[in-house]
Amino acid sequence: MTIIRRLLKHWLLIIVLLLILLVAAPPLLLSLSDRQEKSDTDPGRGAALVTQDIFGDSFTKVTYLEQNWKPEDSLWFYNTTQGSNLLPYDFFIALEQPSATPAVAAPPFRANENMNRFRYLPQRATASNPDGLPVGFVKDGYLKKDYIGLTCAACHTAQINYRGIAMRIDGGPGAADMVGFLKALTDSMRAVRDQPAVQQRFVKAVLARGGYATADDVVKDVAVYTQRLVSYNIINHSPTDYGYARLDAFGRIYNRTLEHLLNRRQLDNVLQNFLSPAQVQAAMAGTGTGDTLTSTQRDTIIQQVANTSAVEALKKELFINADAPVSYPFLWDIPQHDVVQWNGLGNNAGLGPLGRNAGEVIGVFGTLNWHESTEYSLGSLLAGKGIVQKAIRFDSSVNVENLRRIENHLVSLQSPMWPVDVVGHATSDQGRLLNGKRLFNSYCASCHANIDRDSPARRIVAHMSGLDEVGTDPTMANNSVKYQGYSGILRNEYVGANVGNILLDKKAPIAALLTKATMSVLETRDPDKSFVRRWAEWLRNMAIAFFGNEIKPSNKQGSYPIDTTITPYASLHAYKGRALNGIWATAPYLHNGSVPTLYDLLLPAACAPAAKQGECRPANFMVGSREFDPVKVGLRSEGYEGFRFDTTLPGNANTGHEYGTADTVQDGKPLPALTEQERLDLLEYLKRL
């Protein structure tokens, strides 16, 4: 509602813009249509084959499961930009893999074999992806400069292999090792910065592409972007390795937000608590006198601080621990949810989807150029402070137009059905299926609704379960509530919460800061477009997103802590249960990926001491392979050298959600522990959802 209120405040400007629109209507309305770019109809959707990879996986055929998307729908989703600026585009194309012999040219970093190692899905060149980038990697533009950027598809497209056939699943949970990817990318950039032979080859390759005028310009940007990667890795380092198929996305989004909110005065005061006066002066030198800091100024400060012994203390003071990795959520039915995210942080009503997606772009290296400016204000004049007042302007690379279109695109996506043509029928025993349905209704349906996957009227009401009830690893939920961050440029602003507005003090809850920051991003008008078009498109996007969203505000359902004026975010101490259609394709399980198969999820976390041959969830298992296990319903978790998932490490607990693993009472009815046959029958039913 904040943006709507601001629209009303600026009514005069809106009227002027509408008059301009009437004059320019014929050509402009055409340019503002929601038509997609020229469709790419490659029937194979550009999927590349892999004969053998580091985990022994291979596939000689790629098939797509029926999800109500045509090839052009998938390719549009893969290749539509959202405002992500990881590196200059020519840098990514020219970059070599890290090598122990810098005098000899190494293979390209972006080579399919290398990107597949990090479990990004390799692609052939297509009309919408002429350079053959992996799924979800695109050429993105901001202020007349091209960047390599990430789209939603990089983390939300799955692949499952079975006996040489690869099944691509749109909107499925990705298997990417983003941390390993970024570390390797940093090593490659360091080699360019520090090794003359590598730098010479790199500069020559970049200049040949025509985006840079001189070698000095290239070398200067190499230093800038290498330092940004180094700083990002330092800020977000976690003592618990994420491995494949997981990321602490919220921790990293929070830290990116906190980094950009810092103003000069607050940062100067914090530095004085940890550094000597000379070190503070050196760190802040050349940052000017304004209260806001540009990206270049932040880079300079972080580079100075990174070389001091106080870097860890400053990290703890300024940022949060990104130590709560969770599985990448699957996206089918997301637009139909009442609330989203593992802990229900995102309300899906009104402008909620746009805010959620803006936060995601911040996390994948959207550029934020927030700065101080002056503006004329009648309110300031009436308050006796003069007609001119200082204000913070929110400029960013985030492509709000495309975020809205991507969210609308997901409305038609459906969950994948069990792949009979590849794996075969689950079972033809109707008695087992009926027993599985009975068990689902008794043990699962109270938290996991059974929906019609292809009904246009479907709605997903999330069932929120408090941490004490569900018992799963609490780290992610706790982190979203316990941390506060410096409000910086947002200080003294108001943020709406379920129990009323929160006034942002010097430090404020990170959930409030993220909400305010993403709403501020949505105020951004596209700086790459003309004045009239940027305002017209912005007004149109806000109106369509707000009034076109069929999801309306509603109370969360389930059993969870209640928000109060003292603890306005208490309800985030909970996890979401959603409909299980397509659940067979989303391994590993639990929010933190700590259980490899659905069969294991139906076992107790630990075997009883007296049980000599009892089954329980594995305490350690391998992650990385895409090979499917249709019996236990999950991915291969042993018999190869992948990433070892250790459930004893912080944030990795596989406890909780032990429904059916022991005799219990639910709603006054006794629920005995499931037998092995009952577990298998229940699995047969879950495969059909």
# chains A, B, ... in the order shown; residues from 1 in each chain; ligands from 1

$ residues_around --residues "region 653-670 of chain A" --least-positions-apart "3" --cutoff "6 Å" --atoms "only C-alpha atoms" --output "JSON, numbers by chain"
{"A": [470, 471, 472, 473, 594, 603, 604, 605, 647, 673, 674]}

$ closest_atom_pairs --of "region 459-479 of chain A" --to "region 348-360 of chain A" --cutoff "12 Å" --atoms "only C-alpha atoms" --output "JSON lines"
{"residue": "A:Arg459", "atom": "CA", "partner": "A:Asn348", "partner_atom": "CA", "distance": 11.6}
{"residue": "A:Ile460", "atom": "CA", "partner": "A:Asn348", "partner_atom": "CA", "distance": 10.9}
{"residue": "A:Val461", "atom": "CA", "partner": "A:Asn348", "partner_atom": "CA", "distance": 11.0}
{"residue": "A:Ala462", "atom": "CA", "partner": "A:Asn348", "partner_atom": "CA", "distance": 11.2}

$ write_last_selection --atoms "N, CA, C and O atoms" --output "mmCIF file, in the first residue's frame"
data_model
loop_
_atom_site.group_PDB
_atom_site.id
_atom_site.type_symbol
_atom_site.label_atom_id
_atom_site.label_comp_id
_atom_site.auth_asym_id
_atom_site.auth_seq_id
_atom_site.Cartn_x
_atom_site.Cartn_y
_atom_site.Cartn_z
ATOM 1 N N ARG A 459 -6.288 -22.868 -5.530
ATOM 2 C CA ARG A 459 -5.637 -21.998 -4.570
ATOM 3 C C ARG A 459 -4.877 -22.878 -3.569
ATOM 4 O O ARG A 459 -5.336 -23.963 -3.220
ATOM 5 N N ILE A 460 -3.716 -22.408 -3.132
ATOM 6 C CA ILE A 460 -2.909 -23.154 -2.179
ATOM 7 C C ILE A 460 -2.905 -22.393 -0.867
ATOM 8 O O ILE A 460 -2.336 -21.299 -0.773
ATOM 9 N N VAL A 461 -3.559 -22.956 0.127
ATOM 10 C CA VAL A 461 -3.552 -22.364 1.465
ATOM 11 C C VAL A 461 -2.456 -23.058 2.263
ATOM 12 O O VAL A 461 -2.552 -24.249 2.570
ATOM 13 N N ALA A 462 -1.398 -22.335 2.553
ATOM 14 C CA ALA A 462 -0.265 -22.921 3.269
ATOM 15 C C ALA A 462 -0.646 -23.193 4.721
ATOM 16 O O ALA A 462 -1.303 -22.369 5.365
#

$ atom_distance --atom1 "CA of Trp342 (chain A)" --atom2 "CA of Leu467 (chain A)"
12.0 Å

$ closest_residue --among "A:Val400, A:Ala47, A:Ala324, A:Ala545" --to "Pro239 (chain A)" --atoms "only C-alpha atoms"
A:Ala324

$ select_by_dssp --residues "region 264-293 of chain A" --states "helix (DSSP H, G or I)" --output "list in words"
Arg264, Arg265, Gln266, Leu267, Asp268, Asn269, Val270, Leu271, Gln272, Pro277, Ala278, Gln279, Val280, Gln281, Ala282, Ala283 and Met284 of chain A

$ residues_around --residues "Lys632 (chain A)" --least-positions-apart "3" --cutoff "9 Å" --atoms "only C-alpha atoms" --output "PyMOL selection string"
chain A and resi 597-600+629+635+680+683

$ atom_distance --atom1 "CA of Ser571 (chain A)" --atom2 "CA of Pro553 (chain A)"
15.7 Å

$ closest_residue --among "A:Val179, A:Ile406, A:Ala223, A:Ala306" --to "Leu87 (chain A)" --atoms "only C-alpha atoms"
A:Ala223

$ residues_around --residues "His237 (chain A)" --least-positions-apart "2" --cutoff "8 Å" --atoms "only C-alpha atoms" --output "PDB file with N, CA and C atoms, in the first residue's frame"
ATOM      1  N   ASN A 233      32.071 -13.118  -1.025  1.00  0.00           N
ATOM      2  CA  ASN A 233      32.400 -14.413  -0.439  1.00  0.00           C
ATOM      3  C   ASN A 233      32.767 -14.287   1.035  1.00  0.00           C
ATOM      4  N   ILE A 234      33.460 -13.210   1.410  1.00  0.00           N
ATOM      5  CA  ILE A 234      33.814 -12.995   2.817  1.00  0.00           C
ATOM      6  C   ILE A 234      32.563 -12.747   3.650  1.00  0.00           C
ATOM      7  N   ILE A 235      31.707 -11.866   3.172  1.00  0.00           N
ATOM      8  CA  ILE A 235      30.505 -11.493   3.926  1.00  0.00           C
ATOM      9  C   ILE A 235      29.594 -12.693   4.142  1.00  0.00           C
ATOM     10  N   PRO A 239      30.180 -21.488   8.008  1.00  0.00           N
ATOM     11  CA  PRO A 239      30.969 -22.624   8.508  1.00  0.00           C
ATOM     12  C   PRO A 239      30.424 -23.969   8.058  1.00  0.00           C
ATOM     13  N   ASN A 321      24.730 -13.991   9.760  1.00  0.00           N
ATOM     14  CA  ASN A 321      25.346 -15.250   9.361  1.00  0.00           C
ATOM     15  C   ASN A 321      24.487 -15.927   8.294  1.00  0.00           C
ATOM     16  N   ALA A 322      25.063 -16.111   7.122  1.00  0.00           N
ATOM     17  CA  ALA A 322      24.350 -16.799   6.037  1.00  0.00           C
ATOM     18  C   ALA A 322      24.596 -18.299   6.180  1.00  0.00           C
ATOM     19  N   ASP A 323      24.139 -18.852   7.299  1.00  0.00           N
ATOM     20  CA  ASP A 323      24.474 -20.234   7.669  1.00  0.00           C
ATOM     21  C   ASP A 323      23.238 -21.129   7.748  1.00  0.00           C
TER      22      ASP A 323
END

$ residues_around --residues "region 408-412 of chain A" --least-positions-apart "4" --cutoff "8 Å" --atoms "only C-alpha atoms" --output "ChimeraX atom specification"
/A:68-69,77,331-336,404

$ write_last_selection --atoms "C-alpha atoms" --output "PDB file, in the first residue's frame"
ATOM      1  CA  ASN A  68       1.279 -27.021 -19.665  1.00  0.00           C
ATOM      2  CA  TRP A  69       4.228 -25.128 -21.195  1.00  0.00           C
ATOM      3  CA  PHE A  77      11.385 -18.285 -18.909  1.00  0.00           C
ATOM      4  CA  LEU A 331       7.643 -22.859  -8.417  1.00  0.00           C
ATOM      5  CA  TRP A 332       4.497 -24.571  -9.674  1.00  0.00           C
ATOM      6  CA  ASP A 333       1.424 -23.136  -7.934  1.00  0.00           C
ATOM      7  CA  ILE A 334       3.479 -20.277  -6.439  1.00  0.00           C
ATOM      8  CA  PRO A 335       1.187 -17.548  -7.893  1.00  0.00           C
ATOM      9  CA  GLN A 336      -1.785 -19.423  -6.399  1.00  0.00           C
ATOM     10  CA  ARG A 404       5.672  -8.895 -13.348  1.00  0.00           C
TER      11      ARG A 404
END

$ residues_around --residues "Thr564 (chain A)" --least-positions-apart "5" --cutoff "12 Å" --atoms "only C-alpha atoms" --output "JSON, numbers by chain"
{"A": [497, 498, 499, 500, 501, 502, 569, 570, 571]}

$ write_last_selection --atoms "N, CA and C atoms" --output "short mmCIF file (atom, residue, chain, number, x, y, z; two decimals), in the first residue's frame"
data_model
loop_
_atom_site.label_atom_id
_atom_site.label_comp_id
_atom_site.auth_asym_id
_atom_site.auth_seq_id
_atom_site.Cartn_x
_atom_site.Cartn_y
_atom_site.Cartn_z
N ALA A 497 3.73 -3.85 9.20
CA ALA A 497 3.78 -5.25 9.64
C ALA A 497 2.35 -5.69 9.94
N ASN A 498 2.17 -6.97 10.24
CA ASN A 498 0.82 -7.48 10.48
C ASN A 498 0.13 -6.79 11.65
N VAL A 499 0.91 -6.28 12.60
CA VAL A 499 0.33 -5.69 13.80
C VAL A 499 0.46 -4.17 13.82
N GLY A 500 0.80 -3.56 12.69
CA GLY A 500 0.92 -2.11 12.64
C GLY A 500 2.24 -1.68 12.03
N ASN A 501 2.44 -0.38 11.94
CA ASN A 501 3.66 0.14 11.35
C ASN A 501 4.83 0.07 12.32
N ILE A 502 6.02 -0.16 11.76
CA ILE A 502 7.26 -0.15 12.53
C ILE A 502 8.09 1.04 12.08
N TYR A 569 7.32 -10.13 14.32
CA TYR A 569 7.65 -11.16 13.33
C TYR A 569 7.71 -12.55 13.97
N ALA A 570 7.01 -12.74 15.07
CA ALA A 570 7.03 -14.03 15.76
C ALA A 570 6.50 -15.16 14.89
N SER A 571 5.56 -14.86 14.00
CA SER A 571 4.94 -15.90 13.18
C SER A 571 5.93 -16.52 12.20
#
